[in-house]
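Asker: Just dropping this structure here.
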Amino acid sequence: MTPETPQKKVFIRTHGCQMNVYDSGRMADVLAGEYATTGAPEEADLILLNTCHIREKASEKVYTELGLLRRIKEKAATEGRTVTIGVTGCVAQAEGEEIARRAKAVDLVVGPQSYQRLPEIVREARSTRRPPVTADFAPGEKFAALRDTPPRNRGEVSAFLAVQEGCDKFCTFCVVPYTRGAEFSRPAADLIAEATRLADMGVRELTLLGQNVNAWHGDGQDGAQWGLGKLLFRLAEVPGIARLRYTTSHARDMDDALIAAHRDLPALMPYLHLPVQAGSDRILQAMNRRHTAGDYLRLVDRIRAARPDMALSGDFIVGFPGETDADFAETLRLVETVTYASAFTFKYSPRPGTPAASSRQQVPAAAKNERLYRLQALIADQQAAFNRSRLGMEMDVLFDRPGKRPGQIAGRSPWLQTVHVMASPDLIGEVRSVTIDALGTNTMSGVLSDARTFEEAV
Ligand code: 5AD
Ligand code: SF4
């Protein structure tokens with residue numbers, strides 16, 4: 001074995017949002033000198049659980065999974081192998097000391113701002129008995145370290161790029177400001193460098209990530225202050241980058257320059273995740289969203305005026321404390337007015353330390369269930385109608401992987417739908433025009449519009 005091939009193996013299990021997916025990839029990058037990644041926990045020397053704290057269900061998974069991992073660890077010990085178990089991510093940040101106390105199998109706990117120190121923390125954990133708990137907020141240090149750790153080639157066509165982390169909005173239901181800390185924007189120069197490296201490795205699509213991605217701001221290369229709109233224009237110039245997306249945005253931070261980017265930048269895809277959470281002004285105020293339903297609807301009109309084929313997705317919470325049937329009816333009305341291509345719907349889950357959790361007006365579970373059911377039915381109808389409206393349409397598809405069936409490849413429409421086409425795998429990594437001729441439940445299929453290319457390809 002060459003010195004470049006690490007003998008030890010790390011298995012990383014990721015829960016939660018796309019930022020956690022990005023973080024897991026970057027954890028593997030910082031550990032790459034000592035650990036190769038594996039998909040099999042049984043053969044790993046180091047197991048990392050990258051956790052999510054956003055709702056109770058996600059959070060509880062940690063303890064269940066740690067129970068299973070403990071068995072793997074004990075079995076390995078009988079074979080004379082030492083397995084180190086670490087908890088990372090937002091539960092590590094929020095409940096680090098408790099995890100270390102409660103879960104005896106855990107050897108280290110690392111918050112999302114500190115994973116650049118993983119190699120040294122893992123070494124420390126292997127040599128001490130008390131699990132190190134590292135949960136400082138040092139996003140500057142973290143991103144500086146990541147700048148010096150180039151992303152390794154994962155053979156991806158589409159990649160995430162974390163541009164911003166943390167949140168200062170303090171919605172009253174949300175743990176993010178406590179687990180991810182204050183808003184921090186990575187410097188533009190670092191982002192352009194990381195995007196260039198990714199493009200050099202064959203990445204064609206970048207999804208810019210941040211808990212409040214459109215709050216991103218920084219010093220531009222021209223000496224001026226840039227916002228996300230300006231950054232998107234610059235990233236579109238990186239050779240090889242064909243498509244740009246960003247998530248998750250807040251209505252308050254959709255400025256004119258960003259809306260103009262949707263009008264003027266063809267690389268910016270016409271699909272926007274713009275959560276509103278609820279449709280009642282009373283509830284929006286209690287959530288501390290700092291905008292009304294009317295503000296949101298006017299914003300959606302402006303975005304659609306800039307980019308008429310824009311499709312929207314959203315996040316909704318039902319059963320926020322104090323939500324009445326009448327409030328919920330306003331959420332349904334808002335959804336009917338906007339019409340979404342897709343949306344995530346959640347029952348309100350009280351989170352420790354957040355203001356809404358201590359409200360005495362908690363909504364009974366039965367009402368939450370009923371509202372969730374009705375909202376999901378409405379959104380499912382809208383999603384199906386949106387997908388049907390693509391039938392017969394010619395659209396650009398970025399092919400990013402082999403399909404399930406032999407001879408098939410798969411890609412994404414501009415609106416994030418999966419599209420299957422019978423064509424050569426040589427087209428993976430390319431954008432081609434496809435005419436949609438069939439709809440499945442969650443996918444679409446089509447034929448390459450350029451028949452000549454198709455003949456060459458097969
Ligand atoms: N309960 C239910 N849903 C929540 N979200 C955030 N916090 C909570 C909570 N306490 C949802 C919001 C957010 C998405 C990421 O998760 O809709 O936009
Ligand atoms: Fe949480 Fe988003 Fe609100 Fe920030 S803006 S507190 S991340 S829901």
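Each chain of the structure tokens is named A, B, ... in the order shown, its residues numbered from 1; ligands are numbered from 1 in display order.
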So which residues are near ligand 1, meaning at most 9 Å away with only C-alpha atoms and all ligand atoms counted, given back as number ranges by chain?
Answerer: A: 16-17, 53-56, 171-176, 211, 248, 274-277, 314-320, 344-351, 354, 356-357
Asker: Could you save the residues just selected, with N, CA and C atoms, as a short mmCIF file (atom, residue, chain, number, x, y, z; two decimals), in the first residue's frame?
Answerer:
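Below is the file out-v5.cif, written as the result:
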```cif
data_model
loop_
_atom_site.label_atom_id
_atom_site.label_comp_id
_atom_site.auth_asym_id
_atom_site.auth_seq_id
_atom_site.Cartn_x
_atom_site.Cartn_y
_atom_site.Cartn_z
N GLY A 16 -30.35 15.00 7.89
CA GLY A 16 -30.70 16.41 7.81
C GLY A 16 -30.51 17.06 6.46
N CYS A 17 -30.09 18.31 6.51
CA CYS A 17 -30.18 19.17 5.34
C CYS A 17 -28.98 19.00 4.40
N HIS A 53 -30.80 18.61 14.23
CA HIS A 53 -31.51 18.96 15.46
C HIS A 53 -32.82 19.70 15.18
N ILE A 54 -33.18 19.81 13.89
CA ILE A 54 -34.23 20.77 13.51
C ILE A 54 -35.60 20.42 14.09
N ARG A 55 -35.93 19.13 14.10
CA ARG A 55 -37.18 18.68 14.72
C ARG A 55 -36.87 17.52 15.66
N GLU A 56 -37.82 17.25 16.57
CA GLU A 56 -37.57 16.26 17.61
C GLU A 56 -37.23 14.88 17.02
N CYS A 171 -36.19 33.05 13.94
CA CYS A 171 -37.60 32.64 13.88
C CYS A 171 -37.87 31.91 15.20
N THR A 172 -39.05 32.11 15.77
CA THR A 172 -39.24 31.66 17.15
C THR A 172 -39.36 30.15 17.30
N PHE A 173 -39.45 29.42 16.16
CA PHE A 173 -39.54 27.95 16.23
C PHE A 173 -38.20 27.27 16.01
N CYS A 174 -37.17 28.01 15.62
CA CYS A 174 -36.02 27.41 14.95
C CYS A 174 -34.76 27.35 15.81
N VAL A 175 -34.08 26.22 15.76
CA VAL A 175 -32.84 26.04 16.53
C VAL A 175 -31.58 26.50 15.79
N VAL A 176 -31.73 26.77 14.49
CA VAL A 176 -30.53 27.04 13.69
C VAL A 176 -29.64 28.17 14.24
N GLN A 211 -27.75 28.51 5.37
CA GLN A 211 -29.02 28.49 6.11
C GLN A 211 -29.85 29.71 5.72
N THR A 248 -30.91 27.75 1.22
CA THR A 248 -32.28 28.16 1.33
C THR A 248 -32.35 29.66 1.50
N LEU A 274 -38.19 29.05 -1.61
CA LEU A 274 -38.42 30.30 -0.88
C LEU A 274 -39.47 30.06 0.21
N PRO A 275 -39.02 29.55 1.36
CA PRO A 275 -39.98 29.19 2.41
C PRO A 275 -40.76 30.40 2.92
N VAL A 276 -42.04 30.16 3.20
CA VAL A 276 -42.85 31.21 3.82
C VAL A 276 -43.38 30.73 5.18
N GLN A 277 -43.47 29.43 5.38
CA GLN A 277 -43.86 28.78 6.64
C GLN A 277 -45.35 28.83 6.96
N GLY A 314 -41.31 25.47 -1.32
CA GLY A 314 -41.38 26.17 -0.03
C GLY A 314 -41.31 25.20 1.14
N ASP A 315 -41.23 25.77 2.34
CA ASP A 315 -41.36 25.01 3.58
C ASP A 315 -42.58 25.56 4.31
N PHE A 316 -43.33 24.65 4.94
CA PHE A 316 -44.51 25.07 5.71
C PHE A 316 -44.53 24.35 7.04
N ILE A 317 -44.93 25.09 8.06
CA ILE A 317 -45.13 24.49 9.38
C ILE A 317 -46.61 24.59 9.70
N VAL A 318 -47.22 23.46 10.06
CA VAL A 318 -48.61 23.51 10.52
C VAL A 318 -48.63 23.30 12.03
N GLY A 319 -49.62 23.93 12.67
CA GLY A 319 -49.77 23.73 14.11
C GLY A 319 -48.76 24.50 14.94
N PHE A 320 -48.29 25.63 14.40
CA PHE A 320 -47.46 26.51 15.23
C PHE A 320 -48.33 26.98 16.41
N PHE A 344 -42.01 21.29 1.18
CA PHE A 344 -41.81 20.46 2.37
C PHE A 344 -42.78 20.94 3.44
N THR A 345 -43.46 19.99 4.07
CA THR A 345 -44.46 20.36 5.07
C THR A 345 -44.11 19.68 6.39
N PHE A 346 -44.24 20.41 7.46
CA PHE A 346 -43.85 19.87 8.77
C PHE A 346 -44.90 20.20 9.81
N LYS A 347 -45.04 19.27 10.77
CA LYS A 347 -45.83 19.59 11.96
C LYS A 347 -44.90 20.35 12.90
N TYR A 348 -45.42 21.38 13.53
CA TYR A 348 -44.58 22.13 14.46
C TYR A 348 -44.05 21.20 15.55
N SER A 349 -42.77 21.31 15.80
CA SER A 349 -42.12 20.47 16.81
C SER A 349 -41.40 21.40 17.80
N PRO A 350 -41.83 21.39 19.07
CA PRO A 350 -41.22 22.32 20.03
C PRO A 350 -39.75 21.97 20.24
N ARG A 351 -38.87 22.93 20.09
CA ARG A 351 -37.44 22.68 20.25
C ARG A 351 -36.92 23.37 21.49
N THR A 354 -36.03 27.40 22.26
CA THR A 354 -36.62 28.36 21.32
C THR A 354 -37.85 29.00 21.96
N ALA A 356 -40.90 29.72 20.95
CA ALA A 356 -42.24 29.14 20.73
C ALA A 356 -42.47 27.88 21.55
N ALA A 357 -41.39 27.23 21.95
CA ALA A 357 -41.53 25.97 22.68
C ALA A 357 -42.20 26.18 24.03
#
```
Asker: Can you tell me, as JSON, numbers by chain, which residues in range 342-453 of chain A count as strand (DSSP E) by DSSP?
Answerer: {"A": [342, 343, 344, 345, 346, 347, 394, 395, 396, 397, 398, 399, 400, 401, 402, 408, 409, 410, 411, 412, 418, 419, 420, 421, 422, 431, 432, 433, 434, 435, 436, 437, 438, 439, 443, 444, 445, 446, 447, 448]}
Asker: Deliver the residues from the most recent selection as a file, using N, CA, C and O atoms, as a short mmCIF file (atom, residue, chain, number, x, y, z; two decimals), in the first residue's frame.
Answerer:
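So the final result, stored in part39.cif, reads:
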```
data_model
loop_
_atom_site.label_atom_id
_atom_site.label_comp_id
_atom_site.auth_asym_id
_atom_site.auth_seq_id
_atom_site.Cartn_x
_atom_site.Cartn_y
_atom_site.Cartn_z
N SER A 342 -43.35 22.17 -5.72
CA SER A 342 -42.96 21.19 -4.70
C SER A 342 -42.92 21.93 -3.36
O SER A 342 -42.81 23.16 -3.35
N ALA A 343 -43.04 21.19 -2.26
CA ALA A 343 -42.89 21.88 -0.96
C ALA A 343 -42.68 20.85 0.14
O ALA A 343 -43.09 19.70 0.02
N PHE A 344 -42.01 21.29 1.18
CA PHE A 344 -41.81 20.46 2.37
C PHE A 344 -42.78 20.94 3.44
O PHE A 344 -42.88 22.14 3.70
N THR A 345 -43.46 19.99 4.07
CA THR A 345 -44.46 20.36 5.07
C THR A 345 -44.11 19.68 6.39
O THR A 345 -43.73 18.50 6.40
N PHE A 346 -44.24 20.41 7.46
CA PHE A 346 -43.85 19.87 8.77
C PHE A 346 -44.90 20.20 9.81
O PHE A 346 -45.50 21.27 9.79
N LYS A 347 -45.04 19.27 10.77
CA LYS A 347 -45.83 19.59 11.96
C LYS A 347 -44.90 20.35 12.90
O LYS A 347 -43.73 19.96 13.06
N GLU A 394 -39.98 20.77 -24.62
CA GLU A 394 -38.56 20.57 -24.91
C GLU A 394 -37.78 21.35 -23.85
O GLU A 394 -38.09 22.53 -23.61
N MET A 395 -36.85 20.71 -23.20
CA MET A 395 -36.13 21.39 -22.12
C MET A 395 -34.68 20.91 -22.05
O MET A 395 -34.36 19.81 -22.53
N ASP A 396 -33.83 21.74 -21.47
CA ASP A 396 -32.44 21.34 -21.28
C ASP A 396 -32.32 20.42 -20.07
O ASP A 396 -32.87 20.72 -19.01
N VAL A 397 -31.60 19.33 -20.27
CA VAL A 397 -31.38 18.39 -19.16
C VAL A 397 -29.88 18.26 -18.94
O VAL A 397 -29.12 18.10 -19.91
N LEU A 398 -29.46 18.37 -17.69
CA LEU A 398 -28.06 18.10 -17.35
C LEU A 398 -27.97 16.65 -16.90
O LEU A 398 -28.52 16.28 -15.86
N PHE A 399 -27.30 15.83 -17.71
CA PHE A 399 -27.19 14.41 -17.36
C PHE A 399 -26.12 14.24 -16.29
O PHE A 399 -25.01 14.79 -16.42
N ASP A 400 -26.49 13.49 -15.24
CA ASP A 400 -25.54 13.40 -14.12
C ASP A 400 -25.27 11.99 -13.62
O ASP A 400 -24.43 11.79 -12.75
N ARG A 401 -25.95 10.98 -14.19
CA ARG A 401 -25.69 9.61 -13.70
C ARG A 401 -26.30 8.58 -14.65
O ARG A 401 -27.19 8.92 -15.44
N PRO A 402 -25.86 7.33 -14.54
CA PRO A 402 -26.51 6.28 -15.33
C PRO A 402 -27.94 6.09 -14.82
O PRO A 402 -28.22 6.32 -13.64
N GLN A 408 -29.84 3.45 -20.27
CA GLN A 408 -30.52 4.68 -19.88
C GLN A 408 -29.58 5.60 -19.08
O GLN A 408 -28.74 5.10 -18.33
N ILE A 409 -29.74 6.91 -19.28
CA ILE A 409 -29.03 7.83 -18.39
C ILE A 409 -30.06 8.77 -17.76
O ILE A 409 -31.17 8.90 -18.26
N ALA A 410 -29.64 9.38 -16.65
CA ALA A 410 -30.58 10.24 -15.92
C ALA A 410 -29.98 11.61 -15.70
O ALA A 410 -28.76 11.77 -15.61
N GLY A 411 -30.86 12.58 -15.62
CA GLY A 411 -30.39 13.95 -15.38
C GLY A 411 -31.49 14.76 -14.73
O GLY A 411 -32.48 14.21 -14.23
N ARG A 412 -31.28 16.06 -14.73
CA ARG A 412 -32.23 16.96 -14.07
C ARG A 412 -32.72 18.01 -15.05
O ARG A 412 -31.96 18.57 -15.83
N THR A 418 -36.27 14.73 -12.12
CA THR A 418 -35.40 13.70 -12.70
C THR A 418 -35.94 13.31 -14.08
O THR A 418 -37.14 13.07 -14.23
N VAL A 419 -35.06 13.27 -15.06
CA VAL A 419 -35.45 12.93 -16.43
C VAL A 419 -34.60 11.75 -16.90
O VAL A 419 -33.37 11.78 -16.79
N HIS A 420 -35.27 10.70 -17.41
CA HIS A 420 -34.56 9.54 -17.95
C HIS A 420 -34.60 9.55 -19.47
O HIS A 420 -35.65 9.85 -20.05
N VAL A 421 -33.49 9.20 -20.08
CA VAL A 421 -33.40 9.17 -21.54
C VAL A 421 -32.56 7.95 -21.93
O VAL A 421 -31.60 7.61 -21.24
N MET A 422 -32.92 7.29 -23.03
CA MET A 422 -32.06 6.24 -23.56
C MET A 422 -30.96 6.93 -24.37
O MET A 422 -31.25 7.50 -25.43
N VAL A 431 -25.21 19.06 -20.98
CA VAL A 431 -26.59 19.56 -21.04
C VAL A 431 -27.10 19.32 -22.45
O VAL A 431 -26.44 19.72 -23.41
N ARG A 432 -28.22 18.65 -22.59
CA ARG A 432 -28.80 18.39 -23.91
C ARG A 432 -30.29 18.70 -23.89
O ARG A 432 -30.95 18.56 -22.85
N SER A 433 -30.79 19.06 -25.05
CA SER A 433 -32.21 19.32 -25.16
C SER A 433 -32.98 18.00 -25.25
O SER A 433 -32.60 17.11 -26.01
N VAL A 434 -34.02 17.89 -24.46
CA VAL A 434 -34.80 16.65 -24.39
C VAL A 434 -36.28 17.01 -24.54
O VAL A 434 -36.74 18.02 -24.00
N THR A 435 -37.02 16.19 -25.29
CA THR A 435 -38.47 16.38 -25.38
C THR A 435 -39.13 15.34 -24.47
O THR A 435 -38.88 14.14 -24.60
N ILE A 436 -39.93 15.81 -23.53
CA ILE A 436 -40.53 14.93 -22.53
C ILE A 436 -41.71 14.18 -23.16
O ILE A 436 -42.62 14.81 -23.71
N ASP A 437 -41.67 12.84 -23.07
CA ASP A 437 -42.76 12.09 -23.69
C ASP A 437 -43.52 11.18 -22.72
O ASP A 437 -44.49 10.54 -23.10
N ALA A 438 -43.09 11.12 -21.46
CA ALA A 438 -43.84 10.30 -20.49
C ALA A 438 -43.57 10.79 -19.07
O ALA A 438 -42.47 11.28 -18.77
N LEU A 439 -44.58 10.63 -18.23
CA LEU A 439 -44.43 11.02 -16.82
C LEU A 439 -44.57 9.79 -15.94
O LEU A 439 -45.48 8.99 -16.14
N THR A 443 -40.67 10.81 -11.66
CA THR A 443 -39.68 11.10 -12.69
C THR A 443 -40.38 11.32 -14.03
O THR A 443 -41.58 11.08 -14.17
N MET A 444 -39.60 11.78 -15.01
CA MET A 444 -40.13 11.95 -16.36
C MET A 444 -39.16 11.24 -17.29
O MET A 444 -38.01 11.00 -16.94
N SER A 445 -39.63 10.92 -18.49
CA SER A 445 -38.67 10.43 -19.47
C SER A 445 -38.90 11.13 -20.79
O SER A 445 -39.97 11.72 -21.03
N GLY A 446 -37.88 11.08 -21.62
CA GLY A 446 -37.98 11.81 -22.88
C GLY A 446 -36.96 11.30 -23.88
O GLY A 446 -36.27 10.30 -23.63
N VAL A 447 -36.92 11.98 -25.02
CA VAL A 447 -35.95 11.63 -26.06
C VAL A 447 -35.11 12.86 -26.35
O VAL A 447 -35.58 14.00 -26.23
N LEU A 448 -33.87 12.61 -26.74
CA LEU A 448 -33.01 13.73 -27.11
C LEU A 448 -33.66 14.44 -28.28
O LEU A 448 -34.08 13.80 -29.25
#
```
Asker: Using only C-alpha atoms and all ligand atoms, which of the listed residues (A:Leu372, A:Ala199, A:Val213, A:Ile303) sits closest to ligand 2?
Answerer: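 The answer is A:Val213, which sits nearest to ligand 2.
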Asker: Counting only C-alpha atoms and all ligand atoms, figure out which residue out of A:Asp168, A:Asp301, A:Asp381, A:Glu336 gets nearest to ligand 2.
Answerer: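 The answer is A:Asp168, which sits nearest to ligand 2.
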Asker: Using only C-alpha atoms, find the one residue out of A:Asp450, A:Glu42, A:Asp148, A:Glu34 that sits nearest to Phe11 in chain A.
Answerer: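 Once distances to Phe11 in chain A are computed over only C-alpha atoms, the minimum belongs to A:Glu42.
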Asker: Please compute the CA of Lys142 in chain A-CA of Gln116 in chain A distance, one decimal, in Å.
Answerer: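 We find that CA of Lys142 in chain A and CA of Gln116 in chain A lie 5.8 Å from each other.
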Asker: Name the residues of range 92-184 of chain A that come out as helix (DSSP H, G or I) in a backbone DSSP run; write them as an NGL selection string.
Answerer: :A and (92-102 or 115-127 or 139-147 or 176-179)
Asker: Could you save those same residues with C-alpha atoms as a tab-separated table (two decimals), in the first residue's frame?
Answerer:
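Printed below is selection.tsv as written:
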```
chain	number	residue	atom	x	y	z
A	92	ALA	CA	-23.50	17.59	18.83
A	93	GLN	CA	-23.61	21.37	19.09
A	94	ALA	CA	-26.84	21.51	21.09
A	95	GLU	CA	-26.48	18.47	23.36
A	96	GLY	CA	-22.76	17.69	23.29
A	97	GLU	CA	-22.23	17.25	27.02
A	98	GLU	CA	-25.40	15.19	27.36
A	99	ILE	CA	-24.36	12.85	24.54
A	100	ALA	CA	-20.95	12.37	26.10
A	101	ARG	CA	-22.60	11.54	29.44
A	102	ARG	CA	-25.47	9.40	28.16
A	115	TYR	CA	-14.88	19.76	12.10
A	116	GLN	CA	-11.73	21.09	10.47
A	117	ARG	CA	-10.02	19.96	13.69
A	118	LEU	CA	-11.28	16.39	13.34
A	119	PRO	CA	-7.92	14.70	12.66
A	120	GLU	CA	-6.45	16.05	15.90
A	121	ILE	CA	-9.68	15.47	17.89
A	122	VAL	CA	-9.86	11.85	16.69
A	123	ARG	CA	-6.25	11.28	17.75
A	124	GLU	CA	-7.01	12.80	21.16
A	125	ALA	CA	-10.13	10.66	21.51
A	126	ARG	CA	-8.16	7.50	20.81
A	127	SER	CA	-5.76	8.34	23.63
A	139	PRO	CA	-16.78	29.85	11.41
A	140	GLY	CA	-13.91	32.07	10.22
A	141	GLU	CA	-11.34	29.54	11.38
A	142	LYS	CA	-13.32	26.68	9.90
A	143	PHE	CA	-13.70	28.20	6.48
A	144	ALA	CA	-10.07	29.34	6.40
A	145	ALA	CA	-9.07	25.73	7.10
A	146	LEU	CA	-11.40	24.47	4.41
A	147	ARG	CA	-9.91	26.93	1.95
A	176	VAL	CA	-30.53	27.04	13.69
A	177	PRO	CA	-29.35	30.34	15.21
A	178	TYR	CA	-28.28	28.32	18.28
A	179	THR	CA	-26.74	25.32	16.53
```
Asker: Between A:Ala77, A:Leu235, A:Ala306, A:Ala44, which has the minimum distance to Lys9 in chain A (counting only C-alpha atoms)?
Answerer: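 Of A:Ala77, A:Leu235, A:Ala306, A:Ala44, the one nearest Lys9 in chain A, counting only C-alpha atoms, is A:Ala44.
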Asker: Under the rule that only C-alpha atoms and all ligand atoms are counted, which of A:Ala105, A:Leu284, A:Leu265, A:Val300 is the nearest residue to ligand 2?
Answerer: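 Among the listed residues, the smallest separation from ligand 2 belongs to A:Leu284.
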Asker: Could you check which of A:Arg186, A:His250, A:Lys368, A:Arg234 is closest to His217 in chain A, using only C-alpha atoms?
Answerer: A:Arg186
Asker: Can you pull out the residues contacting Gln113 in chain A? Cut-off 8 Å, using only C-alpha atoms, and skip same-chain residues under 4 positions away; I want them as an NGL selection string.
Answerer: :A and (135-139 or 142 or 180)
Asker: Pick out the residues sitting within 9 Å of Phe233 in chain A, and hand them over as a PyMOL selection string; count only C-alpha atoms, and ignore anything fewer than 2 positions along from it in its own chain.
Answerer: chain A and resi 228-231+235-237+261+265+267-268
